[in-house]
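Okay, target_31.txt is below, compact mmCIF, C-alpha atoms:
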# COMPACT_ATOMS: atom_id res chain seq x y z
CA MET W 1 -47.02 174.30 -86.29
CA ALA W 2 -47.82 171.52 -83.86
CA ILE W 3 -48.98 167.97 -84.40
CA LEU W 4 -52.45 167.99 -85.99
CA LYS W 5 -55.22 166.33 -84.05
CA TRP W 6 -58.40 164.99 -85.58
CA SER W 7 -61.59 166.34 -84.02
CA SER W 8 -65.18 165.23 -84.43
CA ASP W 9 -66.16 168.40 -86.33
CA LEU W 10 -64.02 167.09 -89.19
CA ASP W 11 -66.05 163.88 -89.54
CA THR W 12 -68.21 163.73 -92.64
CA GLY W 13 -69.98 160.59 -91.48
CA ILE W 14 -68.77 158.80 -94.61
CA ALA W 15 -66.39 156.22 -93.16
CA GLU W 16 -64.12 155.76 -96.18
CA ILE W 17 -63.69 159.51 -96.66
CA ASP W 18 -63.05 160.11 -92.96
CA ASN W 19 -60.45 157.34 -92.93
CA GLN W 20 -58.72 158.82 -95.96
CA HIS W 21 -58.73 162.28 -94.39
CA LYS W 22 -57.22 160.87 -91.20
CA ARG W 23 -54.49 159.24 -93.24
CA ILE W 24 -53.65 162.60 -94.83
CA VAL W 25 -53.43 164.09 -91.32
CA ASP W 26 -51.02 161.27 -90.45
CA TYR W 27 -48.86 162.20 -93.45
CA ILE W 28 -48.78 165.84 -92.37
CA ASN W 29 -47.76 164.78 -88.85
CA ARG W 30 -45.05 162.48 -90.26
CA LEU W 31 -43.75 165.38 -92.34
CA TYR W 32 -43.61 167.57 -89.23
CA LYS W 33 -41.78 164.89 -87.23
CA SER W 34 -39.27 164.24 -90.03
CA GLN W 35 -38.54 167.95 -90.25
CA LYS W 36 -38.06 168.24 -86.48
CA MET W 37 -35.63 165.32 -86.59
CA GLY W 38 -33.65 167.07 -89.34
CA ASN W 39 -34.22 164.13 -91.65
CA ARG W 40 -34.24 165.72 -95.13
CA LYS W 41 -34.37 162.35 -96.87
CA GLY W 42 -37.35 161.33 -94.70
CA VAL W 43 -39.06 164.65 -95.45
CA GLY W 44 -38.67 164.02 -99.19
CA GLU W 45 -40.09 160.52 -98.87
CA VAL W 46 -43.11 161.73 -96.89
CA ILE W 47 -43.78 164.49 -99.41
CA GLU W 48 -43.73 161.95 -102.26
CA GLU W 49 -46.05 159.55 -100.46
CA MET W 50 -48.39 162.33 -99.36
CA VAL W 51 -48.69 163.84 -102.83
CA ASP W 52 -49.47 160.43 -104.35
CA TYR W 53 -51.96 159.47 -101.64
CA THR W 54 -53.71 162.85 -101.69
CA ALA W 55 -54.11 162.72 -105.48
CA SER W 56 -55.56 159.22 -105.13
CA HIS W 57 -57.94 160.44 -102.41
CA PHE W 58 -59.07 163.33 -104.59
CA THR W 59 -59.78 160.98 -107.49
CA PHE W 60 -61.77 158.71 -105.19
CA GLU W 61 -63.72 161.58 -103.67
CA GLU W 62 -64.48 163.15 -107.05
CA GLY W 63 -65.69 159.81 -108.39
CA MET W 64 -67.98 159.50 -105.40
CA LEU W 65 -69.35 163.00 -106.05
CA GLU W 66 -69.95 162.20 -109.72
CA SER W 67 -71.75 158.97 -108.83
CA ALA W 68 -73.91 160.84 -106.33
CA GLY W 69 -74.76 163.52 -108.90
CA TYR W 70 -73.41 166.28 -106.66
CA GLU W 71 -74.10 169.56 -108.45
CA PHE W 72 -70.80 171.19 -107.50
CA THR W 73 -68.51 168.31 -108.50
CA LYS W 74 -66.76 170.35 -111.17
CA ALA W 75 -66.02 173.22 -108.78
CA HIS W 76 -64.86 170.76 -106.11
CA ARG W 77 -62.52 169.13 -108.62
CA ARG W 78 -61.11 172.54 -109.56
CA VAL W 79 -60.32 173.29 -105.90
CA HIS W 80 -58.48 169.95 -105.70
CA GLU W 81 -56.54 170.66 -108.89
CA LEU W 82 -55.38 174.06 -107.68
CA PHE W 83 -54.29 172.59 -104.37
CA VAL W 84 -52.36 169.75 -106.03
CA ARG W 85 -50.55 172.25 -108.25
CA ARG W 86 -49.51 174.30 -105.20
CA VAL W 87 -48.23 171.22 -103.38
CA VAL W 88 -46.34 170.02 -106.47
CA GLU W 89 -44.70 173.46 -106.66
CA PHE W 90 -43.55 173.05 -103.04
CA LYS W 91 -42.29 169.55 -103.83
CA ASN W 92 -40.30 170.88 -106.78
CA ARG W 93 -38.83 173.70 -104.71
CA PHE W 94 -37.88 171.20 -101.99
CA ASN W 95 -36.24 168.93 -104.57
CA ALA W 96 -34.29 171.95 -105.84
CA GLY W 97 -32.85 172.39 -102.34
CA GLU W 98 -35.10 175.11 -100.93
CA ASP W 99 -36.18 174.98 -97.30
CA VAL W 100 -39.96 175.10 -97.80
CA ILE W 101 -41.17 172.73 -95.10
CA ASP W 102 -42.50 175.32 -92.62
CA GLU W 103 -44.40 177.02 -95.42
CA LEU W 104 -45.68 173.69 -96.74
CA LEU W 105 -46.80 172.50 -93.31
CA THR W 106 -48.70 175.74 -92.75
CA LEU W 107 -50.44 175.40 -96.11
CA LEU W 108 -51.30 171.74 -95.56
CA SER W 109 -52.67 172.09 -92.06
CA ARG W 110 -54.76 175.18 -92.75
CA TRP W 111 -56.02 174.05 -96.14
CA LEU W 112 -56.98 170.51 -95.17
CA PHE W 113 -59.10 171.33 -92.14
CA SER W 114 -60.69 174.34 -93.85
CA HIS W 115 -61.47 172.26 -96.95
CA ILE W 116 -63.02 169.43 -94.95
CA ARG W 117 -65.14 171.78 -92.82
CA SER W 118 -66.47 173.72 -95.81
CA GLU W 119 -66.28 172.08 -99.25
CA ASP W 120 -66.36 168.47 -98.07
CA HIS W 121 -69.13 168.95 -95.53
CA ALA W 122 -71.17 170.61 -98.29
CA TYR W 123 -71.46 167.34 -100.25
CA VAL W 124 -72.35 165.05 -97.34
CA ASP W 125 -76.14 165.22 -97.76
CA SER W 126 -75.95 164.52 -101.49
CA VAL W 127 -73.58 161.58 -101.06
CA ASN W 128 -75.54 160.11 -98.16
CA ALA W 129 -78.77 160.33 -100.15
CA TYR W 130 -77.05 158.47 -102.98
CA LEU W 131 -75.56 155.88 -100.65
CA ARG W 132 -78.95 155.15 -99.09
CA THR W 133 -80.15 154.09 -102.52
CA LYS W 134 -77.33 151.57 -102.86
CA ARG W 135 -78.12 148.02 -101.84
CA GLY W 136 -76.44 146.95 -98.59
CA TYR W 137 -75.70 150.46 -97.27
CA LYS W 138 -75.25 150.36 -93.49
CA ASP W 139 -73.54 153.52 -92.24
CA LYS W 140 -70.67 153.00 -94.66
CA MET W 141 -70.05 153.06 -98.35
CA GLY W 142 -71.41 150.06 -100.21
CA ASP W 143 -68.96 147.54 -101.64
CA ASP W 144 -70.19 148.17 -105.19
CA MET W 145 -69.47 151.89 -104.98
CA LEU W 146 -66.08 151.35 -103.35
CA HIS W 147 -65.10 148.93 -106.10
CA GLU W 148 -66.33 151.30 -108.82
CA LEU W 149 -64.44 154.25 -107.36
CA GLU W 150 -61.25 152.26 -106.82
CA GLU W 151 -61.34 151.19 -110.46
CA ARG W 152 -61.78 154.81 -111.57
CA SER W 153 -58.87 155.97 -109.47
CA LYS W 154 -56.62 153.29 -110.99
CA LYS W 155 -57.47 154.47 -114.49
CA LYS W 156 -56.91 158.16 -113.86
CA GLY W 157 -53.50 159.24 -112.70
CA LEU W 158 -52.47 162.61 -111.39
CA LEU W 159 -51.57 164.07 -114.79
CA ALA W 160 -54.80 162.85 -116.34
CA ARG W 161 -56.74 164.48 -113.53
CA LEU W 162 -54.84 167.74 -113.79
CA PHE W 163 -55.15 168.02 -117.54
CA GLY W 164 -58.57 166.45 -117.99
CA ARG W 165 -57.47 163.39 -119.96
Exercise: express the given structure as structure tokens:
Amino acid sequence: MAILKWSSDLDTGIAEIDNQHKRIVDYINRLYKSQKMGNRKGVGEVIEEMVDYTASHFTFEEGMLESAGYEFTKAHRRVHELFVRRVVEFKNRFNAGEDVIDELLTLLSRWLFSHIRSEDHAYVDSVNAYLRTKRGYKDKMGDDMLHELEERSKKKGLLARLFGR
């Protein structure tokens, strides 16, 4: 694996989502760099941060899809849940002393870009239509929606999301 580079075909046109996706790419690149430096402690820290941030991103994105009335929100959520479970398995294996970083990096890099290009791009029209109805929308998510989604993500942690509570 090499350093991941963001390309314009990954842009959804939804600024907050694109920024969050870019941050996940940064985490993957940090993980790669920590591994190359032989910094096991750094690798563990990046994995922890990345898992937490990605779960938060998924909660935010799913809340946005619900607000927009996207018809495939439930299926999209299920894809996220399955991915989180796989990454948590890698995290647990790493914590048990296994060398899983190459495998994890391959999964992360392939899954993320594929997911953005297919599942995430599929919701763009629905979300943009919803956002246009929000007062004050100017090529970015309205403050009201951002606040609403941030509040939702605070209330629902990773376990609640995974087990539907």
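For the set W:Val127, W:Ile3, W:Ile28, W:Leu104, the residue with the smallest atom-to-atom gap to W:Glu71 is W:Val127, counting only C-alpha atoms.
Taking atom CA of W:Val124 as the reference point, atom CA of W:Thr12 is found at 6.4 Å.
In this structure, atom CA of W:Thr59 sits 28.2 Å away from atom CA of W:Gln35.
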**OP:** Just the residues within 7 Å of stretch 47-51 of chain W, please, counting all atoms listed in the file, with nothing from its chain fewer than 6 positions along; format it as a PyMOL selection string.
**Re:** chain W and resi 24+27+91
Original post:
So what do you get for atom CA of W:His115 versus atom CA of W:His21, distance-wise?
Top reply: 10.7 Å
Subject >> Top pick for closest residue to W:Asn29, considering W:Phe60, W:Trp6, W:Tyr123, W:Tyr53 and counting all atoms listed in the file >> reply: W:Trp6
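Close contacts of W:Asp99, defined as residues with an atom at most 12 Å away when counting all atoms listed in the file, with chain neighbours fewer than 3 positions off set aside, comprise Gln35, Gly38, Arg40, Val43, Gly44, Phe90, Lys91, Asn92, Arg93, Phe94, Asn95, Ala96, Asp102, Glu103, Leu104 and Leu105 of chain W.
Shortest separation to W:Val100 among W:Thr54, W:Ala68, W:Leu31, W:Lys134 occurs at residue W:Leu31, atoms counted being all atoms listed in the file.
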